[in-house]
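Student: So here's start-v4.pdb (PDB, C-alpha atoms, pLDDT in the B column).
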ATOM      1  CA  MET A   1       0.000   0.000   0.000  1.00 90.00           C
ATOM      2  CA  LYS A   2       1.384   3.373  -0.985  1.00 93.00           C
ATOM      3  CA  THR A   3       1.077   5.971   1.801  1.00 93.00           C
ATOM      4  CA  ARG A   4       1.717   9.673   2.300  1.00 94.00           C
ATOM      5  CA  VAL A   5       1.365  11.329   5.711  1.00 96.00           C
ATOM      6  CA  GLU A   6       1.697  15.076   6.134  1.00 95.00           C
ATOM      7  CA  ILE A   7       1.390  17.423   9.086  1.00 95.00           C
ATOM      8  CA  THR A   8       0.940  21.033   8.049  1.00 94.00           C
ATOM      9  CA  ARG A   9      -0.064  24.483   9.241  1.00 95.00           C
ATOM     10  CA  GLU A  10      -1.635  25.302   5.873  1.00 94.00           C
ATOM     11  CA  PRO A  11      -5.388  25.090   5.140  1.00 93.00           C
ATOM     12  CA  LEU A  12      -6.431  21.706   3.751  1.00 91.00           C
ATOM     13  CA  VAL A  13      -8.206  21.407   0.411  1.00 85.00           C
ATOM     14  CA  ALA A  14      -9.808  18.231  -0.932  1.00 78.00           C
ATOM     15  CA  SER A  15      -8.015  16.962  -4.018  1.00 72.00           C
ATOM     16  CA  GLY A  16     -10.986  15.613  -5.907  1.00 66.00           C
ATOM     17  CA  VAL A  17     -11.918  12.003  -6.447  1.00 61.00           C
ATOM     18  CA  THR A  18     -10.094  10.084  -9.173  1.00 60.00           C
ATOM     19  CA  SER A  19      -8.477   6.719  -9.733  1.00 59.00           C
ATOM     20  CA  ALA A  20      -5.375   7.588 -11.730  1.00 57.00           C
ATOM     21  CA  ASP A  21      -4.216   4.010 -12.263  1.00 63.00           C
ATOM     22  CA  GLY A  22      -7.633   2.665 -13.278  1.00 69.00           C
ATOM     23  CA  THR A  23      -7.431  -0.234 -10.814  1.00 76.00           C
ATOM     24  CA  SER A  24      -9.298   1.314  -7.892  1.00 82.00           C
ATOM     25  CA  GLY A  25     -13.054   0.901  -7.890  1.00 86.00           C
ATOM     26  CA  ALA A  26     -13.437   3.034  -4.761  1.00 89.00           C
ATOM     27  CA  VAL A  27     -11.896   6.359  -3.803  1.00 90.00           C
ATOM     28  CA  VAL A  28     -13.012   7.643  -0.424  1.00 93.00           C
ATOM     29  CA  GLU A  29     -12.190  11.178   0.665  1.00 93.00           C
ATOM     30  CA  PHE A  30     -12.947  12.238   4.239  1.00 95.00           C
ATOM     31  CA  ALA A  31     -12.611  15.694   5.755  1.00 95.00           C
ATOM     32  CA  GLY A  32     -12.780  16.134   9.516  1.00 96.00           C
ATOM     33  CA  VAL A  33     -14.129  19.662   9.943  1.00 96.00           C
ATOM     34  CA  VAL A  34     -14.030  21.835  13.069  1.00 96.00           C
ATOM     35  CA  ARG A  35     -17.565  22.343  14.339  1.00 95.00           C
ATOM     36  CA  GLY A  36     -18.708  25.761  15.508  1.00 94.00           C
ATOM     37  CA  GLU A  37     -19.467  24.389  18.965  1.00 93.00           C
ATOM     38  CA  GLU A  38     -17.732  22.357  21.626  1.00 88.00           C
ATOM     39  CA  GLU A  39     -19.726  20.766  24.458  1.00 87.00           C
ATOM     40  CA  GLY A  40     -22.737  22.895  23.533  1.00 90.00           C
ATOM     41  CA  ALA A  41     -20.890  26.223  23.579  1.00 91.00           C
ATOM     42  CA  PRO A  42     -20.085  28.195  20.423  1.00 95.00           C
ATOM     43  CA  ILE A  43     -16.415  28.364  19.428  1.00 95.00           C
ATOM     44  CA  ALA A  44     -14.479  30.193  16.724  1.00 96.00           C
ATOM     45  CA  ALA A  45     -11.594  27.736  16.330  1.00 97.00           C
ATOM     46  CA  LEU A  46      -9.574  24.872  17.760  1.00 97.00           C
ATOM     47  CA  ASP A  47      -5.823  24.922  18.358  1.00 97.00           C
ATOM     48  CA  TYR A  48      -4.030  21.682  17.449  1.00 98.00           C
ATOM     49  CA  GLU A  49      -0.598  20.722  18.751  1.00 97.00           C
ATOM     50  CA  ALA A  50       1.427  17.657  17.850  1.00 97.00           C
ATOM     51  CA  TYR A  51       4.623  15.879  18.613  1.00 95.00           C
ATOM     52  CA  GLU A  52       5.145  15.890  14.853  1.00 96.00           C
ATOM     53  CA  VAL A  53       7.807  13.220  14.371  1.00 96.00           C
ATOM     54  CA  MET A  54       6.016  10.754  16.609  1.00 97.00           C
ATOM     55  CA  ALA A  55       2.566  11.654  15.229  1.00 97.00           C
ATOM     56  CA  ARG A  56       3.688  10.968  11.660  1.00 97.00           C
ATOM     57  CA  SER A  57       5.400   7.750  12.714  1.00 97.00           C
ATOM     58  CA  GLU A  58       2.319   6.537  14.622  1.00 97.00           C
ATOM     59  CA  MET A  59      -0.005   7.287  11.686  1.00 98.00           C
ATOM     60  CA  GLU A  60       2.295   5.323   9.368  1.00 97.00           C
ATOM     61  CA  ARG A  61       2.452   2.434  11.876  1.00 97.00           C
ATOM     62  CA  ILE A  62      -1.339   2.336  12.134  1.00 98.00           C
ATOM     63  CA  LEU A  63      -1.647   2.248   8.345  1.00 97.00           C
ATOM     64  CA  ARG A  64       0.864  -0.623   8.124  1.00 96.00           C
ATOM     65  CA  GLU A  65      -1.067  -2.591  10.739  1.00 97.00           C
ATOM     66  CA  LEU A  66      -4.413  -1.983   9.031  1.00 97.00           C
ATOM     67  CA  SER A  67      -3.132  -2.825   5.543  1.00 95.00           C
ATOM     68  CA  SER A  68      -3.462  -6.589   6.035  1.00 95.00           C
ATOM     69  CA  GLN A  69      -7.085  -6.349   7.173  1.00 96.00           C
ATOM     70  CA  TYR A  70      -8.001  -3.630   4.655  1.00 97.00           C
ATOM     71  CA  PRO A  71      -5.883  -4.112   1.506  1.00 94.00           C
ATOM     72  CA  CYS A  72      -6.093  -0.662  -0.053  1.00 95.00           C
ATOM     73  CA  ARG A  73      -3.927   0.629  -2.876  1.00 93.00           C
ATOM     74  CA  GLU A  74      -3.159   4.139  -1.648  1.00 94.00           C
ATOM     75  CA  VAL A  75      -3.738   6.305   1.436  1.00 96.00           C
ATOM     76  CA  GLU A  76      -2.990  10.000   1.766  1.00 95.00           C
ATOM     77  CA  ILE A  77      -3.377  11.799   5.082  1.00 97.00           C
ATOM     78  CA  ALA A  78      -2.914  15.473   5.869  1.00 97.00           C
ATOM     79  CA  HIS A  79      -3.449  16.685   9.442  1.00 98.00           C
ATOM     80  CA  ARG A  80      -3.419  20.361  10.229  1.00 97.00           C
ATOM     81  CA  ILE A  81      -1.868  21.848  13.363  1.00 98.00           C
ATOM     82  CA  GLY A  82      -2.086  25.355  14.771  1.00 97.00           C
ATOM     83  CA  ARG A  83      -5.317  27.351  14.783  1.00 97.00           C
ATOM     84  CA  VAL A  84      -8.097  25.832  12.672  1.00 97.00           C
ATOM     85  CA  PRO A  85     -11.213  28.016  12.369  1.00 97.00           C
ATOM     86  CA  ALA A  86     -14.693  26.514  12.622  1.00 96.00           C
ATOM     87  CA  GLY A  87     -15.834  25.272   9.238  1.00 95.00           C
ATOM     88  CA  GLU A  88     -12.328  24.354   8.050  1.00 96.00           C
ATOM     89  CA  ALA A  89     -10.818  20.861   7.845  1.00 96.00           C
ATOM     90  CA  SER A  90      -8.366  19.693  10.476  1.00 97.00           C
ATOM     91  CA  ILE A  91      -7.755  16.374   8.692  1.00 97.00           C
ATOM     92  CA  LEU A  92      -8.133  15.035   5.160  1.00 97.00           C
ATOM     93  CA  VAL A  93      -7.909  11.327   4.390  1.00 97.00           C
ATOM     94  CA  ARG A  94      -8.006   9.980   0.836  1.00 95.00           C
ATOM     95  CA  ILE A  95      -8.113   6.227   0.263  1.00 95.00           C
ATOM     96  CA  ALA A  96      -8.057   4.347  -3.033  1.00 93.00           C
ATOM     97  CA  ALA A  97      -9.007   0.675  -2.980  1.00 94.00           C
ATOM     98  CA  LYS A  98     -10.276  -2.027  -5.268  1.00 93.00           C
ATOM     99  CA  HIS A  99     -13.590  -2.129  -3.373  1.00 94.00           C
ATOM    100  CA  ARG A 100     -15.480   0.271  -1.095  1.00 94.00           C
ATOM    101  CA  ALA A 101     -15.604  -2.107   1.906  1.00 97.00           C
ATOM    102  CA  GLU A 102     -11.818  -1.968   2.314  1.00 96.00           C
ATOM    103  CA  ALA A 103     -11.712   1.821   1.906  1.00 96.00           C
ATOM    104  CA  PHE A 104     -14.488   2.548   4.409  1.00 97.00           C
ATOM    105  CA  GLY A 105     -13.172  -0.074   6.845  1.00 98.00           C
ATOM    106  CA  LEU A 106      -9.675   1.368   6.792  1.00 98.00           C
ATOM    107  CA  LEU A 107     -11.018   4.912   7.193  1.00 98.00           C
ATOM    108  CA  THR A 108     -13.168   4.011  10.201  1.00 98.00           C
ATOM    109  CA  GLU A 109     -10.433   2.038  11.973  1.00 98.00           C
ATOM    110  CA  PHE A 110      -7.785   4.641  11.202  1.00 98.00           C
ATOM    111  CA  MET A 111      -9.823   7.537  12.601  1.00 98.00           C
ATOM    112  CA  ASP A 112     -10.646   5.611  15.796  1.00 98.00           C
ATOM    113  CA  ARG A 113      -6.982   4.773  16.358  1.00 98.00           C
ATOM    114  CA  LEU A 114      -5.800   8.272  15.413  1.00 98.00           C
ATOM    115  CA  LYS A 115      -7.893   9.801  18.183  1.00 96.00           C
ATOM    116  CA  ARG A 116      -6.750   7.182  20.682  1.00 97.00           C
ATOM    117  CA  ASP A 117      -3.050   6.646  19.857  1.00 97.00           C
ATOM    118  CA  VAL A 118      -1.544   9.576  17.956  1.00 97.00           C
ATOM    119  CA  PRO A 119       0.066  12.466  19.892  1.00 97.00           C
ATOM    120  CA  ILE A 120      -2.072  15.263  18.457  1.00 98.00           C
ATOM    121  CA  TRP A 121      -3.996  17.388  20.934  1.00 97.00           C
ATOM    122  CA  LYS A 122      -6.711  19.956  20.488  1.00 95.00           C
ATOM    123  CA  LYS A 123      -8.066  22.696  22.699  1.00 95.00           C
ATOM    124  CA  VAL A 124     -10.627  25.414  22.221  1.00 94.00           C
ATOM    125  CA  ALA A 125      -8.898  28.538  20.935  1.00 88.00           C
ATOM    126  CA  PRO A 126      -9.050  31.503  23.323  1.00 76.00           C
TER     127      PRO A 126
END
Show this structure as structure tokens.

Tutor:
Amino acid sequence: MKTRVEITREPLVASGVTSADGTSGAVVEFAGVVRGEEEGAPIAALDYEAYEVMARSEMERILRELSSQYPCREVEIAHRIGRVPAGEASILVRIAAKHRAEAFGLLTEFMDRLKRDVPIWKKVAP
């Protein structure tokens, strides 16, 4: 499985859905967007911090572990750090696979493990 993991301070923009090699029957693109509320209170933004080297390494490790259960062809991940205003994406995940079940399965498992295991923290921006 080909992977690319990026941590950036730049705004994230979806790349569009294509299967360049013609072998992927499913391309799933997920954007995790900052909501305008946290615990019922309105917010303007979230601040994300990361131990970048370890965060990237952990995301790659998770993808390696999931690749046997969900044999996808390609996964691209971009996670934003710093201030992310409400309505903007904090994470983009793009997965190309032969079938949709593998793509959606990998996405769901990856996001659950990202929140649990990867050293990226968020707090409501002051």

Student: At a cut-off of 10 Å, using all atoms listed in the file, what residues contact Val124 in chain A? Leave out same-chain residues fewer than 3 positions from it and give the result as a ChimeraX atom specification.

Tutor: /A:37-38,43-48,83-84

Student: List as a PyMOL selection string the residues having at least one atom at most 12 Å from position (-8.1, -7.9, 9.4) as given in the file, counting only C-alpha atoms.

Tutor: chain A and resi 64-71+102+105-106+109

Student: Rank A:Glu58, A:Glu10, A:Glu29, A:Glu39 by their smallest atom-to-atom distance to Lys115 in chain A, using all atoms listed in the file, and report the top residue only.

Tutor: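 For Lys115 in chain A, the nearest of the candidates is A:Glu58.
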
Student: Neighbours of Arg56 in chain A within 7 Å (all atoms listed in the file; same-chain residues fewer than 4 positions away dropped), as number ranges by chain?

Tutor: A: 5, 52, 60

Student: Any chance you could export the current selection's C-alpha atoms as a short mmCIF file (atom, residue, chain, number, x, y, z; two decimals), in the coordinates of the input?

Tutor:
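So part07.cif came out as:
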data_model
loop_
_atom_site.label_atom_id
_atom_site.label_comp_id
_atom_site.auth_asym_id
_atom_site.auth_seq_id
_atom_site.Cartn_x
_atom_site.Cartn_y
_atom_site.Cartn_z
CA VAL A 5 1.36 11.33 5.71
CA GLU A 52 5.14 15.89 14.85
CA GLU A 60 2.30 5.32 9.37
#

Student: Nearest residue to Val13 in chain A out of A:Gly25, A:Pro42, A:Pro119, A:Gly32, using all atoms listed in the file?

Tutor: A:Gly32

Student: In file coordinates, which residues lie within 8 Å of (-4.8, 9.8, 4.2) using only C-alpha atoms, given as a list in words?

Tutor: Thr3, Arg4, Val5, Val75, Glu76, Ile77, Ala78, Leu92, Val93, Arg94 and Ile95 of chain A

Student: Carefully work through the PyMOL selection byres ((chain A and resi 1) around 6) for this structure and note down the residues it includes, as number ranges by chain.

Tutor: A: 2, 73-74

Student: Please write the residues from the selection above to a file, keeping C-alpha atoms, as a compact mmCIF listing (two decimals), in the frame of the given file.

Tutor:
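This went into again25.txt:
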# COMPACT_ATOMS: atom_id res chain seq x y z
CA LYS A 2 1.38 3.37 -0.98
CA ARG A 73 -3.93 0.63 -2.88
CA GLU A 74 -3.16 4.14 -1.65

Student: Which residue gives the smallest distance to Ile7 in chain A among A:Met111, A:Ile81, A:Ala89, A:Val34, with all atoms listed in the file counted?

Tutor: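 Closest to Ile7 in chain A, using all atoms listed in the file: A:Ile81.
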
Student: Using CA of Ala101 in chain A and CA of Ile62 in chain A as the two end points, give the distance in Å to one decimal.

Tutor: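 So the two atoms, CA of Ala101 in chain A and CA of Ile62 in chain A, lie 18.1 Å apart.
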
Student: What is the distance between CA of Val28 in chain A and CA of Tyr51 in chain A, in Å to one decimal?

Tutor: 27.2 Å

Student: Tell me which protein, DNA and RNA residues are within 9 Å of Leu12 in chain A, counting only C-alpha atoms, leaving out same-chain ones fewer than 3 positions away, and put them as a PyMOL selection string.

Tutor: chain A and resi 8-9+31+78-80+88-92

Student: Compare A:Ala125, A:Phe110, A:Asp117, A:His99 by their minimum atom-to-atom distance to Ser24 in chain A, counting all atoms listed in the file, and give me the closest one.

Tutor: A:His99

Student: As an exercise, work out the distance from CA of Gly36 in chain A to CA of Gly82 in chain A in Å and give it to one decimal place.

Tutor: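 One can read the CA of Gly36 in chain A to CA of Gly82 in chain A distance as 16.6 Å.
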
Student: Rank nothing, just name the residue among A:Val33, A:Met59, A:Thr23, A:Glu6 nearest to Arg116 in chain A, using all atoms listed in the file.

Tutor: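 When distances to Arg116 in chain A are compared using all atoms listed in the file, the smallest one comes from A:Met59.
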
Student: Here is a test: counting all atoms listed in the file, which residue of A:Gly40, A:Thr108, A:Pro85, A:Lys98 is nearest to Leu63 in chain A?

Tutor: A:Thr108

Student: From the structure block, carefully write range 27-65 of chain A out with C-alpha atoms; format it as a compact mmCIF listing (two decimals), in the first residue's frame.

Tutor:
# COMPACT_ATOMS: atom_id res chain seq x y z
CA VAL A 27 -11.90 6.36 -3.80
CA VAL A 28 -13.01 7.64 -0.42
CA GLU A 29 -12.19 11.18 0.67
CA PHE A 30 -12.95 12.24 4.24
CA ALA A 31 -12.61 15.69 5.75
CA GLY A 32 -12.78 16.13 9.52
CA VAL A 33 -14.13 19.66 9.94
CA VAL A 34 -14.03 21.84 13.07
CA ARG A 35 -17.57 22.34 14.34
CA GLY A 36 -18.71 25.76 15.51
CA GLU A 37 -19.47 24.39 18.97
CA GLU A 38 -17.73 22.36 21.63
CA GLU A 39 -19.73 20.77 24.46
CA GLY A 40 -22.74 22.89 23.53
CA ALA A 41 -20.89 26.22 23.58
CA PRO A 42 -20.08 28.20 20.42
CA ILE A 43 -16.41 28.36 19.43
CA ALA A 44 -14.48 30.19 16.72
CA ALA A 45 -11.59 27.74 16.33
CA LEU A 46 -9.57 24.87 17.76
CA ASP A 47 -5.82 24.92 18.36
CA TYR A 48 -4.03 21.68 17.45
CA GLU A 49 -0.60 20.72 18.75
CA ALA A 50 1.43 17.66 17.85
CA TYR A 51 4.62 15.88 18.61
CA GLU A 52 5.15 15.89 14.85
CA VAL A 53 7.81 13.22 14.37
CA MET A 54 6.02 10.75 16.61
CA ALA A 55 2.57 11.65 15.23
CA ARG A 56 3.69 10.97 11.66
CA SER A 57 5.40 7.75 12.71
CA GLU A 58 2.32 6.54 14.62
CA MET A 59 -0.01 7.29 11.69
CA GLU A 60 2.30 5.32 9.37
CA ARG A 61 2.45 2.43 11.88
CA ILE A 62 -1.34 2.34 12.13
CA LEU A 63 -1.65 2.25 8.35
CA ARG A 64 0.86 -0.62 8.12
CA GLU A 65 -1.07 -2.59 10.74
